[in-house]
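Quick look at my_file24.cif (mmCIF, C-alpha atoms):
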data_model
#
loop_
_atom_site.label_atom_id
_atom_site.label_comp_id
_atom_site.auth_asym_id
_atom_site.auth_seq_id
_atom_site.Cartn_x
_atom_site.Cartn_y
_atom_site.Cartn_z
CA MET W 1 -8.28 12.73 -34.77
CA ILE W 2 -10.73 10.83 -32.58
CA LYS W 3 -8.08 8.29 -31.54
CA PHE W 4 -5.92 11.10 -30.12
CA THR W 5 -8.77 12.70 -28.19
CA PRO W 6 -8.03 10.85 -24.90
CA ILE W 7 -4.39 11.96 -25.00
CA LEU W 8 -5.38 15.55 -25.80
CA LEU W 9 -7.87 15.55 -22.93
CA ALA W 10 -5.17 14.16 -20.63
CA VAL W 11 -2.77 16.97 -21.59
CA ILE W 12 -5.46 19.60 -20.99
CA TYR W 13 -6.25 17.99 -17.64
CA GLY W 14 -2.56 18.02 -16.68
CA LEU W 15 -2.19 21.71 -17.53
CA ALA W 16 -5.31 22.57 -15.57
CA MET W 17 -4.03 20.64 -12.56
CA TYR W 18 -0.69 22.44 -12.80
CA HIS W 19 -2.26 25.90 -12.60
CA PHE W 20 -4.69 24.84 -9.89
CA SER W 21 -1.92 23.29 -7.77
CA ALA W 22 0.33 26.35 -8.16
CA TYR W 23 -2.52 28.65 -7.13
CA ARG W 24 -3.53 26.50 -4.18
CA THR W 25 0.07 26.15 -2.95
CA ARG W 26 0.74 29.89 -3.19
CA LYS W 27 -2.52 30.75 -1.41
CA GLU W 28 -1.89 28.32 1.43
CA LEU W 29 1.72 29.42 1.97
CA ASN W 30 0.70 33.10 1.96
CA SER W 31 -2.01 32.56 4.57
CA GLN W 32 -0.06 30.20 6.85
CA SER W 33 3.45 31.60 7.03
CA THR W 34 5.46 34.42 8.60
CA GLU W 35 9.03 35.52 8.04
CA LEU W 36 11.65 33.90 10.27
CA ALA W 37 12.69 36.26 13.08
CA ASP W 38 15.10 34.05 15.06
CA GLY W 39 18.34 36.01 15.53
CA THR W 40 20.71 33.05 15.47
CA LEU W 41 19.20 31.55 12.33
CA ARG W 42 19.07 34.95 10.64
CA ARG W 43 22.81 35.38 11.29
CA MET W 44 23.49 31.98 9.75
CA CYS W 45 21.38 32.92 6.74
CA ASP W 46 23.43 36.11 6.42
CA GLN W 47 26.59 33.99 6.56
CA MET W 48 25.34 31.90 3.63
CA ALA W 49 24.15 35.01 1.79
CA ARG W 50 27.68 36.41 1.90
CA ALA W 51 29.00 33.14 0.47
CA LEU W 52 26.47 33.44 -2.36
CA GLU W 53 27.27 37.14 -2.77
CA ILE W 54 23.64 38.18 -2.36
CA ASP W 55 22.10 40.69 0.02
CA ARG W 56 19.81 38.42 2.00
CA ILE W 57 18.24 34.99 2.28
CA ARG W 58 14.61 35.20 3.33
CA VAL W 59 13.17 32.23 5.19
CA HIS W 60 9.56 31.80 6.33
CA ILE W 61 7.95 29.65 9.01
CA TYR W 62 5.15 27.53 7.56
CA GLU W 63 2.56 26.92 10.29
CA VAL W 64 2.20 23.14 10.08
CA SER W 65 3.27 20.55 12.63
CA GLN W 66 5.23 18.26 10.28
CA VAL W 67 9.02 18.34 10.34
CA ASN W 68 10.05 19.54 6.90
CA GLY W 69 11.60 22.24 4.77
CA LEU W 70 10.36 23.24 1.35
CA ALA W 71 11.09 25.50 -1.58
CA ALA W 72 8.04 27.08 -3.22
CA PRO W 73 7.79 27.40 -7.01
CA ASP W 74 8.16 31.19 -6.61
CA GLY W 75 11.58 30.70 -4.95
CA ARG W 76 10.62 31.27 -1.32
CA ILE W 77 12.18 29.06 1.36
CA PHE W 78 10.11 27.62 4.23
CA ILE W 79 10.82 25.77 7.46
CA THR W 80 7.79 24.17 9.08
CA ARG W 81 6.71 25.15 12.57
CA GLY W 82 7.26 21.53 13.61
CA PHE W 83 10.90 21.72 12.52
CA TYR W 84 11.42 25.11 14.17
CA ASP W 85 9.90 23.81 17.44
CA ARG W 86 12.37 20.91 17.43
CA TYR W 87 15.17 23.46 17.06
CA ARG W 88 13.80 25.54 19.95
CA ALA W 89 13.60 22.38 22.05
CA GLY W 90 17.28 21.64 21.40
CA GLU W 91 16.66 18.51 19.33
CA VAL W 92 18.06 20.20 16.22
CA THR W 93 20.96 22.67 16.14
CA ALA W 94 21.10 26.01 14.36
CA ASP W 95 23.77 24.58 12.04
CA GLU W 96 21.45 21.71 11.14
CA ILE W 97 18.60 24.09 10.36
CA ALA W 98 21.05 26.05 8.21
CA SER W 99 21.79 22.85 6.29
CA VAL W 100 18.05 22.47 5.57
CA ILE W 101 17.87 26.05 4.31
CA ALA W 102 20.94 25.43 2.12
CA HIS W 103 19.28 22.29 0.72
CA GLU W 104 16.09 24.17 -0.15
CA LEU W 105 18.16 26.95 -1.72
CA GLY W 106 19.63 24.21 -3.89
CA HIS W 107 16.17 23.20 -5.09
CA VAL W 108 15.50 26.82 -6.08
CA ALA W 109 18.87 27.46 -7.71
CA LEU W 110 18.71 24.22 -9.71
CA GLY W 111 15.14 24.83 -10.86
CA HIS W 112 13.70 21.82 -9.06
CA SER W 113 10.78 23.66 -7.47
CA ARG W 114 9.30 24.84 -10.76
CA ARG W 115 10.18 21.62 -12.53
CA ARG W 116 8.37 19.55 -9.93
CA MET W 117 5.16 21.45 -10.63
CA THR W 118 5.63 20.85 -14.36
CA ASP W 119 6.45 17.19 -13.72
CA PHE W 120 3.31 16.93 -11.61
CA SER W 121 1.10 18.13 -14.45
CA ALA W 122 2.90 15.96 -17.01
CA GLN W 123 2.61 12.90 -14.79
CA ASN W 124 -1.11 13.51 -14.29
CA ALA W 125 -1.53 13.72 -18.06
CA MET W 126 0.50 10.54 -18.59
CA ARG W 127 -1.37 8.74 -15.81
CA THR W 128 -4.72 9.61 -17.38
CA ALA W 129 -3.61 8.64 -20.89
CA ILE W 130 -2.07 5.32 -19.79
CA ALA W 131 -5.11 4.49 -17.68
CA MET W 132 -7.44 5.15 -20.62
CA VAL W 133 -5.42 2.91 -22.93
CA LEU W 134 -4.90 0.07 -20.45
CA ASN W 135 -8.50 0.16 -19.28
CA ARG W 136 -9.58 -1.00 -22.74
CA PHE W 137 -7.67 -4.26 -22.28
CA LEU W 138 -7.68 -4.55 -18.48
CA PRO W 139 -10.94 -3.04 -17.23
CA GLY W 140 -10.65 -1.87 -13.65
CA ILE W 141 -6.94 -2.70 -13.45
CA GLY W 142 -5.59 -0.18 -15.96
CA PRO W 143 -5.81 2.83 -13.61
CA LEU W 144 -4.02 0.88 -10.86
CA ILE W 145 -1.14 0.03 -13.19
CA ALA W 146 -0.97 3.64 -14.41
CA ASN W 147 -0.84 4.95 -10.84
CA ALA W 148 1.93 2.51 -9.93
CA LEU W 149 4.03 3.42 -12.98
CA MET W 150 3.70 7.16 -12.37
CA SER W 151 4.50 6.76 -8.66
CA LEU W 152 7.72 4.95 -9.53
CA LEU W 153 8.65 7.63 -12.06
CA ALA W 154 7.91 10.47 -9.62
CA ALA W 155 9.99 8.81 -6.88
CA ARG W 156 12.95 8.36 -9.22
CA LEU W 157 12.86 11.99 -10.37
CA SER W 158 12.52 13.21 -6.80
CA ARG W 159 15.50 11.17 -5.57
CA ALA W 160 17.69 12.62 -8.32
CA ASP W 161 16.65 16.14 -7.28
CA GLU W 162 17.46 15.39 -3.64
CA PHE W 163 21.01 14.26 -4.44
CA GLU W 164 21.57 17.40 -6.53
CA ALA W 165 20.22 19.68 -3.78
CA ASP W 166 22.39 17.89 -1.21
CA ALA W 167 25.49 18.57 -3.33
CA TYR W 168 24.56 22.24 -3.73
CA ALA W 169 23.99 22.54 0.03
CA SER W 170 27.33 20.88 0.81
CA ALA W 171 29.20 23.31 -1.44
CA LEU W 172 27.40 26.30 0.05
CA LEU W 173 27.92 25.16 3.65
CA VAL W 174 31.64 24.63 3.03
CA LYS W 175 32.00 28.04 1.36
CA ALA W 176 30.09 29.71 4.20
CA GLY W 177 32.43 28.14 6.79
CA ILE W 178 29.73 25.96 8.33
CA GLY W 179 30.87 22.66 6.82
CA THR W 180 28.96 19.49 6.03
CA ALA W 181 29.01 17.95 9.53
CA PRO W 182 25.58 19.39 10.48
CA GLN W 183 24.17 18.29 7.14
CA LYS W 184 25.22 14.70 7.80
CA SER W 185 24.25 14.73 11.48
CA LEU W 186 20.74 15.95 10.61
CA PHE W 187 20.27 13.08 8.18
CA THR W 188 20.89 10.62 11.03
CA LYS W 189 18.14 12.33 13.06
CA LEU W 190 15.52 12.66 10.35
CA GLU W 191 13.92 9.24 10.74
CA ALA W 192 13.27 9.86 14.43
CA LEU W 193 12.17 13.46 13.83
CA THR W 194 9.69 12.47 11.12
CA GLY W 195 8.36 9.42 12.94
CA GLY W 196 10.27 6.86 10.89
CA ALA W 197 8.51 7.68 7.63
CA GLY W 198 9.53 5.27 4.93
CA ARG W 199 10.98 2.62 7.24
CA GLY W 200 10.94 -0.74 5.54
CA THR W 201 10.08 0.69 2.11
CA PRO W 202 12.49 -0.20 -0.73
CA ALA W 203 14.84 2.70 -1.48
CA TRP W 204 13.79 2.83 -5.15
CA MET W 205 10.19 3.53 -4.10
CA LEU W 206 10.99 6.42 -1.78
CA SER W 207 10.87 10.04 -2.90
CA HIS W 208 14.00 10.69 -0.80
CA PRO W 209 17.17 8.58 -0.89
CA LYS W 210 18.14 6.44 2.09
CA THR W 211 20.23 8.22 4.75
CA PRO W 212 23.43 6.16 4.20
CA GLU W 213 23.25 6.88 0.47
CA ARG W 214 22.93 10.61 1.05
CA ILE W 215 25.81 10.73 3.52
CA ALA W 216 28.00 8.62 1.23
CA ALA W 217 27.28 10.97 -1.69
CA ILE W 218 28.26 14.00 0.41
CA GLU W 219 31.51 12.34 1.45
CA ARG W 220 32.32 11.45 -2.15
CA ASN W 221 31.85 15.10 -3.08
CA GLU W 222 34.08 16.20 -0.22
CA ALA W 223 36.80 13.77 -1.29
CA LYS W 224 36.55 15.02 -4.89
CA TRP W 225 36.78 18.65 -3.78
CA ARG W 226 39.86 17.90 -1.66
CA VAL W 227 41.57 16.32 -4.67
CA GLU W 228 40.66 19.27 -6.87
CA GLN W 229 42.15 21.71 -4.35
CA THR W 230 45.52 19.91 -4.21
#
Let me see the file written as structure tokens.
Amino acid sequence: MIKFTPILLAVIYGLAMYHFSAYRTRKELNSQSTELADGTLRRMCDQMARALEIDRIRVHIYEVSQVNGLAAPDGRIFITRGFYDRYRAGEVTADEIASVIAHELGHVALGHSRRRMTDFSAQNAMRTAIAMVLNRFLPGIGPLIANALMSLLAARLSRADEFEADAYASALLVKAGIGTAPQKSLFTKLEALTGGAGRGTPAWMLSHPKTPERIAAIERNEAKWRVEQT
């Protein structure tokens, strides 16, 4: 029993971190967000809602300066104030913002948002357990190796989720009559909008796929859908 104690402690730690992170995220989003009131974007959300055959898509503005969209574990969709300000300044179109909302809806519909929280707790548990084991043989280095391994795993899982959410968004945008052009055009702008985050980093280490890979995947889906319709 004693030999399994470190692993058991790691699992307990992971579960505790999961609940703490979920609570902290929910509290922060509640205190720093308001529902989107922009008429043009609301109409586009209604357009997508009709395609999904639901009454309404609620979107909130998250009051942070970064350019991003996110799906909360409770299913709410957020656009950051930084992203919305770029739209108001004319740097991003309404169609492109709609493509972000469609992407985040994909994360919710496919269960990514909740799974990421679970993955986070599991990865923390694994990181702690691996570090404890390796530290016996490689004192001081074990935790570094554990962190590196878990970072690689998290990036791989995240990239898979992004491709799946992109595909969901493409299908929704096509069904809603918006099309995938704004989805692809936004990808070409993202590096400049986000300050070139990730430039020079190998694709397999990034949490998001490279822009050309994402666009190519969308175009492969479009080609497949055209064949299926003929």
For W:Ala102, which residue among W:Thr194, W:Gln66, W:Ser170, W:Thr211 is the nearest when counting only C-alpha atoms?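 For W:Ala102, the nearest of the candidates is W:Ser170.
Atom to atom, atom CA of W:Phe163 and atom CA of W:Glu28 stand 27.5 Å apart.
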Could you pull the residues within 10 Å of W:Ile178, counting all atoms listed in the file, minus those fewer than 2 positions along the same chain, as a list in words?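 So the residues in contact are Met44, Gln47, Met48, Asp95, Glu96, Ala98, Ser99, Ser170, Leu172, Leu173, Val174, Lys175, Ala176, Thr180, Ala181, Pro182 and Gln183 of chain W.
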Check what the PyMOL selection byres ((chain W and resi 29) around 12) selects in the file above and give those residues as a PDB file with C-alpha atoms, in the frame of the given file.
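Final file, out-v4.pdb:
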ATOM      1  CA  ALA W  22       0.330  26.350  -8.160  1.00  0.00           C
ATOM      2  CA  TYR W  23      -2.520  28.650  -7.130  1.00  0.00           C
ATOM      3  CA  ARG W  24      -3.530  26.500  -4.180  1.00  0.00           C
ATOM      4  CA  THR W  25       0.070  26.150  -2.950  1.00  0.00           C
ATOM      5  CA  ARG W  26       0.740  29.890  -3.190  1.00  0.00           C
ATOM      6  CA  LYS W  27      -2.520  30.750  -1.410  1.00  0.00           C
ATOM      7  CA  GLU W  28      -1.890  28.320   1.430  1.00  0.00           C
ATOM      8  CA  ASN W  30       0.700  33.100   1.960  1.00  0.00           C
ATOM      9  CA  SER W  31      -2.010  32.560   4.570  1.00  0.00           C
ATOM     10  CA  GLN W  32      -0.060  30.200   6.850  1.00  0.00           C
ATOM     11  CA  SER W  33       3.450  31.600   7.030  1.00  0.00           C
ATOM     12  CA  THR W  34       5.460  34.420   8.600  1.00  0.00           C
ATOM     13  CA  GLU W  35       9.030  35.520   8.040  1.00  0.00           C
ATOM     14  CA  HIS W  60       9.560  31.800   6.330  1.00  0.00           C
ATOM     15  CA  ILE W  61       7.950  29.650   9.010  1.00  0.00           C
ATOM     16  CA  TYR W  62       5.150  27.530   7.560  1.00  0.00           C
ATOM     17  CA  GLU W  63       2.560  26.920  10.290  1.00  0.00           C
ATOM     18  CA  VAL W  64       2.200  23.140  10.080  1.00  0.00           C
ATOM     19  CA  LEU W  70      10.360  23.240   1.350  1.00  0.00           C
ATOM     20  CA  ALA W  71      11.090  25.500  -1.580  1.00  0.00           C
ATOM     21  CA  ALA W  72       8.040  27.080  -3.220  1.00  0.00           C
ATOM     22  CA  PRO W  73       7.790  27.400  -7.010  1.00  0.00           C
ATOM     23  CA  ASP W  74       8.160  31.190  -6.610  1.00  0.00           C
ATOM     24  CA  ARG W  76      10.620  31.270  -1.320  1.00  0.00           C
ATOM     25  CA  ILE W  77      12.180  29.060   1.360  1.00  0.00           C
ATOM     26  CA  PHE W  78      10.110  27.620   4.230  1.00  0.00           C
ATOM     27  CA  ILE W  79      10.820  25.770   7.460  1.00  0.00           C
ATOM     28  CA  THR W  80       7.790  24.170   9.080  1.00  0.00           C
TER      29      THR W  80
END
Give me, as a ChimeraX atom specification, all polymer residues having an atom no more than 10 Å from W:Ile218, counting only C-alpha atoms and skipping those fewer than 2 positions away in the same chain. /W:163,166-171,180-181,183-184,212-216,220-224
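Remark: for W:Ala109, the closest of the candidate residues W:Ala165, W:Ala217, W:Ala89, W:Leu193 is W:Ala165 (distances computed over only C-alpha atoms).
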Counting all atoms listed in the file, closest pick from W:Arg56, W:Gln229, W:Glu219, W:His112 relative to W:Arg159 is W:His112
Taking all atoms listed in the file into account, name the residue in W:Gly90, W:Pro209, W:Gly75, W:Gly111 that is nearest to W:Val59. W:Gly75
Might you pull out every residue within 12 Å of W:Glu91, with all atoms listed in the file counted and same-chain residues fewer than 4 positions away left off, and present them as a ChimeraX atom specification? /W:67,82-87,95-97,185-186,189-190,192-193
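Interatomic distance, atom CA of W:Thr188 to atom CA of W:Glu228: 28.0 Å.
Taking atom CA of W:Arg81 and atom CA of W:Asp161 as the two end points, the separation is 24.0 Å.
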